[in-house]
$ cat upload20.pdb   # PDB, C-alpha atoms and all ligand atoms
ATOM      1  CA  MET A  18      88.750  97.285 122.253
ATOM      2  CA  GLU A  19      86.537  94.167 122.115
ATOM      3  CA  ALA A  20      84.469  93.190 125.154
ATOM      4  CA  VAL A  21      86.052  90.708 127.569
ATOM      5  CA  GLU A  22      83.740  87.781 126.822
ATOM      6  CA  ALA A  23      84.056  88.291 123.064
ATOM      7  CA  LEU A  24      87.834  88.388 123.396
ATOM      8  CA  LYS A  25      87.860  85.188 125.446
ATOM      9  CA  ALA A  26      85.694  83.460 122.810
ATOM     10  CA  LYS A  27      88.031  84.689 120.070
ATOM     11  CA  ILE A  28      91.094  83.420 121.968
ATOM     12  CA  ASN A  29      89.483  79.992 122.443
ATOM     13  CA  ARG A  30      88.621  79.802 118.744
ATOM     14  CA  LEU A  31      92.120  80.897 117.667
ATOM     15  CA  LYS A  32      93.784  78.383 120.012
ATOM     16  CA  LYS A  33      92.008  75.565 118.152
ATOM     17  CA  GLU A  34      92.538  77.069 114.709
ATOM     18  CA  LYS A  35      96.270  77.565 115.232
ATOM     19  CA  ASN A  36      96.781  74.386 117.295
ATOM     20  CA  ALA A  37      98.266  76.555 120.029
ATOM     21  CA  VAL A  38      98.711  76.109 123.770
ATOM     22  CA  VAL A  39      98.447  79.169 125.994
ATOM     23  CA  MET A  40     100.536  79.023 129.172
ATOM     24  CA  ALA A  41     100.314  81.637 131.895
ATOM     25  CA  HIS A  42     102.380  82.459 134.954
ATOM     26  CA  TYR A  43     100.501  83.017 138.234
ATOM     27  CA  TYR A  44     101.432  86.716 138.132
ATOM     28  CA  VAL A  45      99.496  87.644 134.988
ATOM     29  CA  ARG A  46      96.039  89.237 135.055
ATOM     30  CA  PRO A  47      93.252  86.958 136.354
ATOM     31  CA  GLU A  48      91.337  87.023 133.058
ATOM     32  CA  ILE A  49      94.404  85.663 131.265
ATOM     33  CA  GLN A  50      94.921  82.930 133.855
ATOM     34  CA  ASP A  51      91.277  81.977 133.273
ATOM     35  CA  VAL A  52      91.668  81.620 129.520
ATOM     36  CA  ALA A  53      95.053  79.819 129.658
ATOM     37  CA  ASP A  54      95.346  76.065 129.021
ATOM     38  CA  ARG A  55      98.033  75.728 131.680
ATOM     39  CA  ILE A  56      99.096  77.962 134.546
ATOM     40  CA  GLY A  57     102.125  77.507 136.732
ATOM     41  CA  ASP A  58     105.332  78.824 138.213
ATOM     42  CA  SER A  59     108.537  79.201 136.201
ATOM     43  CA  LEU A  60     109.538  75.575 136.717
ATOM     44  CA  ALA A  61     106.135  74.208 135.700
ATOM     45  CA  LEU A  62     106.052  76.376 132.575
ATOM     46  CA  ALA A  63     109.516  75.118 131.504
ATOM     47  CA  ARG A  64     108.583  71.505 132.234
ATOM     48  CA  ILE A  65     105.297  71.726 130.334
ATOM     49  CA  ALA A  66     106.936  73.464 127.345
ATOM     50  CA  ALA A  67     109.478  70.644 127.095
ATOM     51  CA  GLU A  68     106.691  68.067 126.807
ATOM     52  CA  LEU A  69     104.101  69.719 124.552
ATOM     53  CA  ASP A  70     103.133  68.273 121.154
ATOM     54  CA  GLU A  71     101.409  71.399 119.793
ATOM     55  CA  PRO A  72     103.431  73.469 117.295
ATOM     56  CA  VAL A  73     102.537  76.886 118.781
ATOM     57  CA  ILE A  74     103.182  77.940 122.376
ATOM     58  CA  VAL A  75     102.063  81.288 123.772
ATOM     59  CA  ILE A  76     103.803  82.321 126.971
ATOM     60  CA  CYS A  77     101.766  84.815 128.972
ATOM     61  CA  GLY A  78     104.578  85.794 131.267
ATOM     62  CA  VAL A  79     107.842  87.596 130.683
ATOM     63  CA  ASN A  80     110.633  87.405 128.160
ATOM     64  CA  PHE A  81     112.945  85.002 130.019
ATOM     65  CA  MET A  82     110.085  82.485 130.226
ATOM     66  CA  GLY A  83     109.537  82.792 126.467
ATOM     67  CA  GLU A  84     113.260  82.325 125.833
ATOM     68  CA  THR A  85     113.392  79.233 128.055
ATOM     69  CA  ALA A  86     110.484  77.698 126.115
ATOM     70  CA  LYS A  87     112.117  78.564 122.767
ATOM     71  CA  ILE A  88     115.450  77.050 123.834
ATOM     72  CA  LEU A  89     113.661  73.856 124.885
ATOM     73  CA  CYS A  90     111.516  73.778 121.724
ATOM     74  CA  PRO A  91     113.572  75.378 118.930
ATOM     75  CA  ASP A  92     111.335  74.008 116.181
ATOM     76  CA  LYS A  93     108.129  75.445 117.629
ATOM     77  CA  THR A  94     106.646  78.884 117.255
ATOM     78  CA  VAL A  95     106.916  80.505 120.689
ATOM     79  CA  LEU A  96     104.938  83.709 121.109
ATOM     80  CA  LEU A  97     104.982  86.421 123.774
ATOM     81  CA  PRO A  98     101.946  88.760 123.621
ATOM     82  CA  ASP A  99     104.082  91.814 124.480
ATOM     83  CA  PRO A 100     107.814  91.668 123.758
ATOM     84  CA  ALA A 101     108.349  94.563 126.197
ATOM     85  CA  ALA A 102     107.555  92.181 129.084
ATOM     86  CA  GLY A 103     111.044  92.062 130.565
ATOM     87  CA  CYS A 104     112.206  91.414 134.124
ATOM     88  CA  SER A 105     114.089  93.790 136.415
ATOM     89  CA  LEU A 106     115.942  90.855 137.979
ATOM     90  CA  ALA A 107     117.149  89.537 134.600
ATOM     91  CA  ASP A 108     118.099  93.113 133.657
ATOM     92  CA  SER A 109     120.183  93.416 136.821
ATOM     93  CA  CYS A 110     122.618  90.880 135.371
ATOM     94  CA  PRO A 111     124.057  91.888 131.975
ATOM     95  CA  ALA A 112     125.826  88.927 130.346
ATOM     96  CA  ALA A 113     129.140  90.757 129.717
ATOM     97  CA  ASP A 114     129.394  91.799 133.388
ATOM     98  CA  PHE A 115     128.431  88.333 134.567
ATOM     99  CA  ALA A 116     131.147  86.808 132.324
ATOM    100  CA  GLU A 117     133.710  89.102 134.018
ATOM    101  CA  PHE A 118     132.403  88.120 137.453
ATOM    102  CA  ILE A 119     132.826  84.447 136.560
ATOM    103  CA  ALA A 120     136.365  85.105 135.304
ATOM    104  CA  GLU A 121     137.172  86.770 138.652
ATOM    105  CA  HIS A 122     136.167  83.553 140.472
ATOM    106  CA  PRO A 123     138.009  80.718 138.750
ATOM    107  CA  GLY A 124     137.104  77.175 139.782
ATOM    108  CA  HIS A 125     133.527  78.081 140.725
ATOM    109  CA  THR A 126     130.430  76.243 139.532
ATOM    110  CA  VAL A 127     127.930  78.752 138.141
ATOM    111  CA  ILE A 128     124.346  78.291 139.317
ATOM    112  CA  SER A 129     121.915  80.783 137.812
ATOM    113  CA  TYR A 130     118.313  81.548 138.506
ATOM    114  CA  VAL A 131     116.078  81.044 135.480
ATOM    115  CA  ASN A 132     115.180  84.777 135.683
ATOM    116  CA  THR A 133     118.080  85.607 133.360
ATOM    117  CA  SER A 134     118.702  86.312 129.685
ATOM    118  CA  ALA A 135     119.549  83.431 127.349
ATOM    119  CA  GLU A 136     123.124  84.794 127.230
ATOM    120  CA  VAL A 137     123.511  84.498 131.017
ATOM    121  CA  LYS A 138     122.017  81.001 130.900
ATOM    122  CA  ALA A 139     124.649  80.097 128.301
ATOM    123  CA  LEU A 140     127.379  81.117 130.804
ATOM    124  CA  SER A 141     125.942  78.875 133.531
ATOM    125  CA  ASP A 142     126.576  75.266 134.582
ATOM    126  CA  VAL A 143     123.049  74.694 135.855
ATOM    127  CA  LEU A 144     119.888  76.740 136.211
ATOM    128  CA  VAL A 145     117.408  76.808 139.058
ATOM    129  CA  THR A 146     113.982  78.266 139.745
ATOM    130  CA  SER A 147     112.677  79.232 143.153
ATOM    131  CA  SER A 148     110.978  75.792 143.278
ATOM    132  CA  ASN A 149     114.127  73.716 142.976
ATOM    133  CA  ALA A 150     117.014  76.045 143.946
ATOM    134  CA  ARG A 151     117.627  74.498 147.363
ATOM    135  CA  LYS A 152     117.466  70.939 145.985
ATOM    136  CA  ILE A 153     119.883  71.684 143.154
ATOM    137  CA  VAL A 154     122.363  73.535 145.384
ATOM    138  CA  ASP A 155     122.172  70.587 147.811
ATOM    139  CA  SER A 156     123.121  68.208 144.979
ATOM    140  CA  PHE A 157     126.655  69.673 145.034
ATOM    141  CA  PRO A 158     129.245  68.698 147.672
ATOM    142  CA  ALA A 159     129.276  70.968 150.742
ATOM    143  CA  ASP A 160     132.728  72.328 149.817
ATOM    144  CA  GLU A 161     131.854  73.072 146.155
ATOM    145  CA  LYS A 162     132.812  76.626 145.235
ATOM    146  CA  ILE A 163     129.660  78.173 143.774
ATOM    147  CA  ILE A 164     128.679  81.436 142.131
ATOM    148  CA  PHE A 165     124.944  82.058 142.503
ATOM    149  CA  GLY A 166     123.240  84.699 140.409
ATOM    150  CA  PRO A 167     121.503  86.969 139.912
ATOM    151  CA  ASP A 168     119.142  87.200 142.920
ATOM    152  CA  ARG A 169     120.994  88.181 146.100
ATOM    153  CA  ASN A 170     117.934  87.501 148.260
ATOM    154  CA  LEU A 171     117.320  83.951 147.032
ATOM    155  CA  GLY A 172     121.080  83.267 147.126
ATOM    156  CA  GLY A 173     121.382  84.703 150.648
ATOM    157  CA  TYR A 174     118.409  82.658 151.795
ATOM    158  CA  ILE A 175     119.965  79.421 150.485
ATOM    159  CA  ASN A 176     123.321  80.331 152.057
ATOM    160  CA  ALA A 177     121.576  80.850 155.411
ATOM    161  CA  GLU A 178     119.571  77.630 155.125
ATOM    162  CA  THR A 179     122.503  75.443 154.064
ATOM    163  CA  GLY A 180     125.461  77.086 155.812
ATOM    164  CA  ARG A 181     127.130  77.520 152.417
ATOM    165  CA  ASN A 182     129.054  80.543 151.339
ATOM    166  CA  MET A 183     128.075  80.873 147.695
ATOM    167  CA  VAL A 184     129.419  83.984 146.006
ATOM    168  CA  LEU A 185     126.359  86.096 145.151
ATOM    169  CA  TRP A 186     125.684  88.353 142.217
ATOM    170  CA  ASP A 187     124.165  91.600 143.511
ATOM    171  CA  GLY A 188     120.827  91.575 141.685
ATOM    172  CA  ALA A 189     117.202  91.786 142.812
ATOM    173  CA  CYS A 190     113.585  92.014 141.703
ATOM    174  CA  HIS A 191     112.063  95.480 142.095
ATOM    175  CA  VAL A 192     108.664  94.010 143.070
ATOM    176  CA  HIS A 193     109.818  91.662 145.824
ATOM    177  CA  GLU A 194     112.240  94.186 147.316
ATOM    178  CA  GLN A 195     109.284  96.532 147.961
ATOM    179  CA  PHE A 196     107.654  94.530 150.744
ATOM    180  CA  SER A 197     108.021  96.156 154.117
ATOM    181  CA  VAL A 198     108.342  94.389 157.469
ATOM    182  CA  GLU A 199     106.584  97.291 159.202
ATOM    183  CA  LYS A 200     103.573  97.149 156.876
ATOM    184  CA  ILE A 201     103.364  93.364 157.174
ATOM    185  CA  ALA A 202     103.511  93.693 160.987
ATOM    186  CA  GLU A 203     100.689  96.262 160.829
ATOM    187  CA  LEU A 204      98.586  93.877 158.739
ATOM    188  CA  LYS A 205      99.407  91.066 161.148
ATOM    189  CA  ARG A 206      98.031  93.187 164.027
ATOM    190  CA  GLU A 207      94.744  93.462 162.091
ATOM    191  CA  HIS A 208      94.718  89.713 161.336
ATOM    192  CA  PRO A 209      96.662  88.108 164.199
ATOM    193  CA  GLY A 210      95.950  84.547 163.079
ATOM    194  CA  ALA A 211      97.206  85.079 159.529
ATOM    195  CA  LEU A 212     100.304  83.186 158.392
ATOM    196  CA  VAL A 213     102.879  85.070 156.323
ATOM    197  CA  LEU A 214     103.770  83.530 152.949
ATOM    198  CA  ALA A 215     106.859  84.980 151.224
ATOM    199  CA  HIS A 216     108.676  84.410 147.955
ATOM    200  CA  PRO A 217     112.455  83.974 148.443
ATOM    201  CA  GLU A 218     113.097  87.031 146.253
ATOM    202  CA  CYS A 219     111.938  89.165 149.234
ATOM    203  CA  LYS A 220     114.551  90.815 151.442
ATOM    204  CA  LYS A 221     115.934  88.940 154.452
ATOM    205  CA  PRO A 222     113.887  90.759 157.167
ATOM    206  CA  VAL A 223     110.657  89.789 155.364
ATOM    207  CA  LEU A 224     111.836  86.189 154.926
ATOM    208  CA  MET A 225     112.720  86.040 158.634
ATOM    209  CA  LEU A 226     109.158  86.785 159.685
ATOM    210  CA  ALA A 227     107.574  84.446 157.125
ATOM    211  CA  ASP A 228     105.834  81.243 158.211
ATOM    212  CA  LYS A 229     106.478  79.757 154.772
ATOM    213  CA  VAL A 230     109.095  80.746 152.195
ATOM    214  CA  GLY A 231     108.671  79.267 148.728
ATOM    215  CA  SER A 232     108.044  79.640 145.027
ATOM    216  CA  THR A 233     104.605  80.735 143.887
ATOM    217  CA  ALA A 234     103.626  77.075 143.388
ATOM    218  CA  ALA A 235     104.943  76.120 146.846
ATOM    219  CA  LEU A 236     103.064  78.983 148.540
ATOM    220  CA  LEU A 237      99.879  77.989 146.727
ATOM    221  CA  GLN A 238     100.292  74.355 147.786
ATOM    222  CA  PHE A 239     100.930  75.411 151.394
ATOM    223  CA  ALA A 240      97.678  77.403 151.387
ATOM    224  CA  ILE A 241      95.738  74.505 149.819
ATOM    225  CA  GLU A 242      96.974  72.108 152.507
ATOM    226  CA  ALA A 243      96.271  74.486 155.434
ATOM    227  CA  PRO A 244      93.167  73.872 157.554
ATOM    228  CA  ALA A 245      89.827  75.380 156.504
ATOM    229  CA  GLY A 246      89.378  78.967 157.688
ATOM    230  CA  SER A 247      93.122  79.776 157.575
ATOM    231  CA  GLU A 248      94.218  83.312 156.735
ATOM    232  CA  PHE A 249      97.359  84.400 154.926
ATOM    233  CA  ILE A 250      99.379  87.529 154.297
ATOM    234  CA  VAL A 251     100.967  87.030 150.886
ATOM    235  CA  ALA A 252     104.366  88.639 150.175
ATOM    236  CA  THR A 253     104.742  88.047 146.483
ATOM    237  CA  GLU A 254     103.270  89.480 143.307
ATOM    238  CA  SER A 255      99.548  89.953 143.817
ATOM    239  CA  GLY A 256      98.529  87.925 140.718
ATOM    240  CA  ILE A 257      98.947  84.691 142.713
ATOM    241  CA  LEU A 258      95.978  85.665 144.903
ATOM    242  CA  HIS A 259      93.619  84.820 142.051
ATOM    243  CA  GLU A 260      94.580  81.130 141.976
ATOM    244  CA  MET A 261      94.863  81.004 145.780
ATOM    245  CA  GLN A 262      91.334  82.319 146.174
ATOM    246  CA  LYS A 263      90.032  79.986 143.458
ATOM    247  CA  LYS A 264      91.603  76.897 145.023
ATOM    248  CA  CYS A 265      90.859  77.857 148.660
ATOM    249  CA  LYS A 266      87.326  79.227 148.797
ATOM    250  CA  ASP A 267      87.162  78.820 152.581
ATOM    251  CA  LYS A 268      90.384  80.790 153.296
ATOM    252  CA  LYS A 269      91.323  84.462 153.321
ATOM    253  CA  PHE A 270      94.284  86.098 151.592
ATOM    254  CA  TYR A 271      95.674  89.593 152.202
ATOM    255  CA  PRO A 272      98.294  91.011 149.820
ATOM    256  CA  ALA A 273     101.349  92.232 151.754
ATOM    257  CA  PRO A 274     101.595  95.989 151.325
ATOM    258  CA  PRO A 275     104.662  97.519 149.669
ATOM    259  CA  MET A 276     106.706 100.254 151.387
ATOM    260  CA  ALA A 277     105.071 103.186 149.658
ATOM    261  CA  GLY A 278     101.452 103.005 150.811
ATOM    262  CA  GLY A 279      98.900 103.256 148.024
ATOM    263  CA  CYS A 280     101.229 102.331 145.162
ATOM    264  CA  ALA A 281     100.692  99.179 143.151
ATOM    265  CA  CYS A 282     104.358  98.129 143.515
ATOM    266  CA  ASN A 283     103.352  94.585 144.483
ATOM    267  CA  ASP A 284     102.232  94.251 140.857
ATOM    268  CA  CYS A 285     104.905  93.287 138.334
ATOM    269  CA  SER A 286     104.380  95.885 135.616
ATOM    270  CA  PHE A 287     106.042  93.535 133.102
ATOM    271  CA  MET A 288     103.655  90.674 133.831
ATOM    272  CA  LYS A 289     100.724  93.077 133.654
ATOM    273  CA  LEU A 290     101.685  94.025 130.066
ATOM    274  CA  ASN A 291      99.936  90.800 129.028
ATOM    275  CA  THR A 292      96.327  91.617 128.132
ATOM    276  CA  LEU A 293      93.510  89.647 126.530
ATOM    277  CA  GLN A 294      93.634  91.947 123.503
ATOM    278  CA  LYS A 295      97.375  91.364 122.988
ATOM    279  CA  LEU A 296      96.906  87.621 123.494
ATOM    280  CA  ALA A 297      94.134  87.525 120.859
ATOM    281  CA  ASP A 298      96.221  89.612 118.432
ATOM    282  CA  CYS A 299      99.284  87.455 118.911
ATOM    283  CA  LEU A 300      97.316  84.252 118.273
ATOM    284  CA  GLU A 301      95.741  85.772 115.190
ATOM    285  CA  ASN A 302      99.024  87.032 113.697
ATOM    286  CA  LEU A 303     101.352  84.368 115.180
ATOM    287  CA  SER A 304     103.506  87.293 116.283
ATOM    288  CA  PRO A 305     105.465  88.645 118.196
ATOM    289  CA  GLU A 306     107.643  85.549 118.080
ATOM    290  CA  VAL A 307     110.398  84.825 120.626
ATOM    291  CA  THR A 308     113.767  84.270 118.961
ATOM    292  CA  VAL A 309     117.062  83.199 120.497
ATOM    293  CA  ASP A 310     120.387  83.205 118.679
ATOM    294  CA  PRO A 311     120.915  79.506 117.820
ATOM    295  CA  GLN A 312     124.512  79.481 119.130
ATOM    296  CA  VAL A 313     123.423  80.995 122.446
ATOM    297  CA  ALA A 314     120.452  78.625 122.584
ATOM    298  CA  GLU A 315     122.689  75.608 122.081
ATOM    299  CA  LYS A 316     124.885  76.626 125.035
ATOM    300  CA  ALA A 317     121.896  77.524 127.224
ATOM    301  CA  LEU A 318     120.100  74.237 126.598
ATOM    302  CA  ALA A 319     122.508  72.050 128.617
ATOM    303  CA  PRO A 320     122.111  73.957 131.936
ATOM    304  CA  ILE A 321     118.315  74.106 131.453
ATOM    305  CA  ARG A 322     118.179  70.350 130.794
ATOM    306  CA  ARG A 323     120.420  69.713 133.790
ATOM    307  CA  MET A 324     117.968  71.671 135.946
ATOM    308  CA  LEU A 325     115.017  69.627 134.670
ATOM    309  CA  GLU A 326     116.897  66.392 135.384
ATOM    310  CA  LEU A 327     117.866  67.474 138.898
ATOM    311  CA  SER A 328     114.442  68.789 139.926
TER     312      SER A 328
HETATM  313  P1  LIG B   1     108.428  81.425 140.463
HETATM  314  O1  LIG B   1     109.655  80.554 140.399
HETATM  315  O2  LIG B   1     107.730  81.297 141.750
HETATM  316  O3  LIG B   1     107.580  81.223 139.271
HETATM  317  O4  LIG B   1     108.927  82.934 140.426
HETATM  318  C1  LIG B   1     109.080  83.598 139.223
HETATM  319  C2  LIG B   1     109.267  85.025 139.386
HETATM  320  O5  LIG B   1     109.419  85.756 138.452
HETATM  321  C3  LIG B   1     109.279  85.552 140.701
HETATM  322  O6  LIG B   1     109.353  86.905 140.653
HETATM  323 FE1  LIG B   2     110.997  89.666 137.160
HETATM  324 FE2  LIG B   2     110.266  90.458 139.566
HETATM  325 FE3  LIG B   2     108.503  90.522 137.585
HETATM  326 FE4  LIG B   2     109.321  88.163 138.613
HETATM  327  S1  LIG B   2     108.142  89.765 139.644
HETATM  328  S2  LIG B   2     109.125  88.692 136.453
HETATM  329  S3  LIG B   2     111.464  88.625 139.080
HETATM  330  S4  LIG B   2     110.399  91.734 137.732
END

$ encode --input "upload20.pdb" --output "structure tokens"
Amino acid sequence: MEAVEALKAKINRLKKEKNAVVMAHYYVRPEIQDVADRIGDSLALARIAAELDEPVIVICGVNFMGETAKILCPDKTVLLPDPAAGCSLADSCPAADFAEFIAEHPGHTVISYVNTSAEVKALSDVLVTSSNARKIVDSFPADEKIIFGPDRNLGGYINAETGRNMVLWDGACHVHEQFSVEKIAELKREHPGALVLAHPECKKPVLMLADKVGSTAALLQFAIEAPAGSEFIVATESGILHEMQKKCKDKKFYPAPPMAGGCACNDCSFMKLNTLQKLADCLENLSPEVTVDPQVAEKALAPIRRMLELS
């Protein structure tokens, strides 16, 4: 195992040599965020991928993010440092079962969260991320019959906010479902002035006590715009605290504790599979490459493009 600084230097050299852009989601390890050319939430990563000129894109995130980039840029080499970086939410929605669900609800528009496999995207009319979900749902008439999948918490939140009755797929993220109202309340007693920031993948009771519900980028922006000295309890994957602390040196951030005290369940184990060593190896070998069946990719491209147009 090479030392951290040597690895970072190697990554920077390889990026130039291979004409590659490294993109990282806010949930990956801080040292990877620091070496990335671009960091962002799922929407930002998709948007940036669609506009890049470089022939090689490395996605330090999870598989569905790599697939989205590959679908948008089929002629580029898209790399994922560890192909085992999946997503429990995407896994909670197998494409064959989702196809049956759609068939059981004829006449419904299918809106899917980007945290899905390419096959599920191909079954969808439009995709959303947590940044644009509300806006895209709002773009449909109030009486539109809609299937929303796969995140029941995000779907339920939008139903509650809009008064809609979208039919929800029963899926969830194992990290965001771990946050406990009781533990957040305990933390709030220790820091009474702290505002609670929550990702919409959290369960309803957590969302109900949040001062701000939003995507990782929206929560970060909220913290940046808050007055100096503000304090926050953050109910999303703990990786976001790195960028929050970097951008808000005069503010304090406390990670919301998960239900089981002492566990690291507010870490996404898939995101944490990305390491500097794997990033360096993948740049050096231009592998592992993300591939998507071209027929699936063709069908999935239209709903991804529609999302980018609507957001
Ligand atoms: P964002 O849309 O905030 O990037 O969320 C992605 C994600 O995986 C949340 O768990
Ligand atoms: Fe998937 Fe949850 Fe990890 Fe996000 S935090 S990538 S939804 S498992």

$ atom_distance --input "upload20.pdb" --atom1 "CA of Met324 (chain A)" --atom2 "CA of Cys77 (chain A)"
22.0 Å

$ axis_aligned_box --input "upload20.pdb" --around "region 207-217 of chain A" --padding-each-side "8 Å" --output "lines of an AutoDock Vina configuration file"
center_x = 103.6
center_y = 88.3
center_z = 156.1
size_x = 33.7
size_y = 26.3
size_z = 32.2

$ residues_near_ligand --input "upload20.pdb" --ligand "ligand LIG 1 (chain B)" --cutoff "6 Å" --atoms "all atoms listed in the file" --output "PyMOL selection string"
chain A and resi 58-59+146-148+232-233

$ resolve_selection --input "upload20.pdb" --expression "the PyMOL selection byres (((chain A and resi 264-271) around 7) and not hetatm)" --output "JSON, numbers by chain"
{"A": [241, 245, 246, 247, 248, 249, 250, 251, 258, 260, 261, 262, 263, 272, 273]}

$ residues_near_ligand --input "upload20.pdb" --ligand "ligand LIG 2 (chain B)" --cutoff "10 Å" --atoms "only C-alpha atoms and all ligand atoms" --output "MDAnalysis selection string"
chainID A and resid 42 44:45 59 78:82 102:109 130:133 168 189:194 216 218:219 253:256 282:289

$ resolve_selection --input "upload20.pdb" --expression "the PyMOL selection byres (((chain A and resi 320) around 6) and not hetatm)" --output "PyMOL selection string"
chain A and resi 142-144+317-319+321-323

$ resolve_selection --input "upload20.pdb" --expression "the PyMOL selection byres (((chain A and resi 295-301) around 7) and not hetatm)" --output "list in words"
Leu24, Lys27, Ile28, Leu31, Pro98, Asp99, Asn291, Thr292, Leu293, Gln294, Asn302, Leu303, Ser304 and Pro305 of chain A

$ residues_around --input "upload20.pdb" --residues "Ala112 (chain A)" --least-positions-apart "3" --cutoff "10 Å" --atoms "all atoms listed in the file" --output "list in words"
Ala107, Asp108, Ser109, Phe115, Ala116, Glu117, Phe118, Thr133, Ser134, Ala135, Glu136, Val137, Lys138, Ala139 and Leu140 of chain A

$ closest_residue --input "upload20.pdb" --among "A:Val38, A:Ile88, A:Lys25, A:Gln50" --to "Ala314 (chain A)" --atoms "all atoms listed in the file"
A:Ile88

$ atom_distance --input "upload20.pdb" --atom1 "CA of Pro217 (chain A)" --atom2 "CA of Ala240 (chain A)"
16.4 Å

$ closest_residue --input "upload20.pdb" --among "A:Ala66, A:Met225, A:Ala53, A:Ala235" --to "Glu178 (chain A)" --atoms "only C-alpha atoms"
A:Met225

$ closest_residue --input "upload20.pdb" --among "A:Ala61, A:Pro47, A:Lys316, A:Gly188" --to "Asp114 (chain A)" --atoms "only C-alpha atoms"
A:Gly188

$ closest_residue --input "upload20.pdb" --among "A:Asp187, A:Pro222, A:Tyr174, A:Pro123" --to "Ala150 (chain A)" --atoms "only C-alpha atoms"
A:Tyr174

$ residues_near_point --input "upload20.pdb" --point "(102.1, 72.3, 123.1)" --cutoff "10 Å" --atoms "all atoms listed in the file" --output "VMD selection string"
chain A and resid 36 to 40 54 65 to 75 90 93 to 95

$ atom_distance --input "upload20.pdb" --atom1 "CA of Gly173 (chain A)" --atom2 "CA of Pro275 (chain A)"
21.1 Å

$ build_atoms --input "upload20.pdb" --residues "region 159-164 of chain A" --atoms "all heavy atoms" --output "short mmCIF file (atom, residue, chain, number, x, y, z; two decimals), in the frame of the given file"
data_model
loop_
_atom_site.label_atom_id
_atom_site.label_comp_id
_atom_site.auth_asym_id
_atom_site.auth_seq_id
_atom_site.Cartn_x
_atom_site.Cartn_y
_atom_site.Cartn_z
N ALA A 159 129.34 69.81 149.83
CA ALA A 159 129.28 70.97 150.74
C ALA A 159 130.43 71.94 150.50
O ALA A 159 130.29 73.14 150.74
CB ALA A 159 129.29 70.48 152.19
N ASP A 160 131.58 71.43 150.00
CA ASP A 160 132.73 72.33 149.82
C ASP A 160 132.85 72.83 148.37
O ASP A 160 133.85 73.46 148.02
CB ASP A 160 134.02 71.63 150.27
CG ASP A 160 134.28 70.35 149.47
OD1 ASP A 160 133.38 69.94 148.69
OD2 ASP A 160 135.36 69.77 149.63
N GLU A 161 131.83 72.59 147.55
CA GLU A 161 131.85 73.07 146.16
C GLU A 161 131.90 74.61 146.16
O GLU A 161 131.15 75.25 146.90
CB GLU A 161 130.58 72.59 145.44
CG GLU A 161 130.49 72.97 143.99
CD GLU A 161 131.06 71.89 143.06
OE1 GLU A 161 131.45 70.81 143.55
OE2 GLU A 161 131.14 72.16 141.85
N LYS A 162 132.78 75.16 145.34
CA LYS A 162 132.81 76.63 145.24
C LYS A 162 131.76 77.02 144.21
O LYS A 162 131.78 76.55 143.07
CB LYS A 162 134.19 77.08 144.78
CG LYS A 162 135.25 76.86 145.85
CD LYS A 162 136.45 77.74 145.55
CE LYS A 162 137.66 76.91 145.26
NZ LYS A 162 138.75 77.63 144.64
N ILE A 163 130.82 77.87 144.63
CA ILE A 163 129.66 78.17 143.77
C ILE A 163 129.47 79.68 143.62
O ILE A 163 129.54 80.43 144.61
CB ILE A 163 128.37 77.55 144.38
CG1 ILE A 163 128.47 76.02 144.40
CG2 ILE A 163 127.13 78.00 143.61
CD1 ILE A 163 127.30 75.32 145.10
N ILE A 164 129.19 80.08 142.39
CA ILE A 164 128.68 81.44 142.13
C ILE A 164 127.18 81.27 141.97
O ILE A 164 126.72 80.40 141.21
CB ILE A 164 129.25 82.02 140.82
CG1 ILE A 164 130.71 82.38 140.99
CG2 ILE A 164 128.43 83.22 140.35
CD1 ILE A 164 131.37 82.87 139.68
#
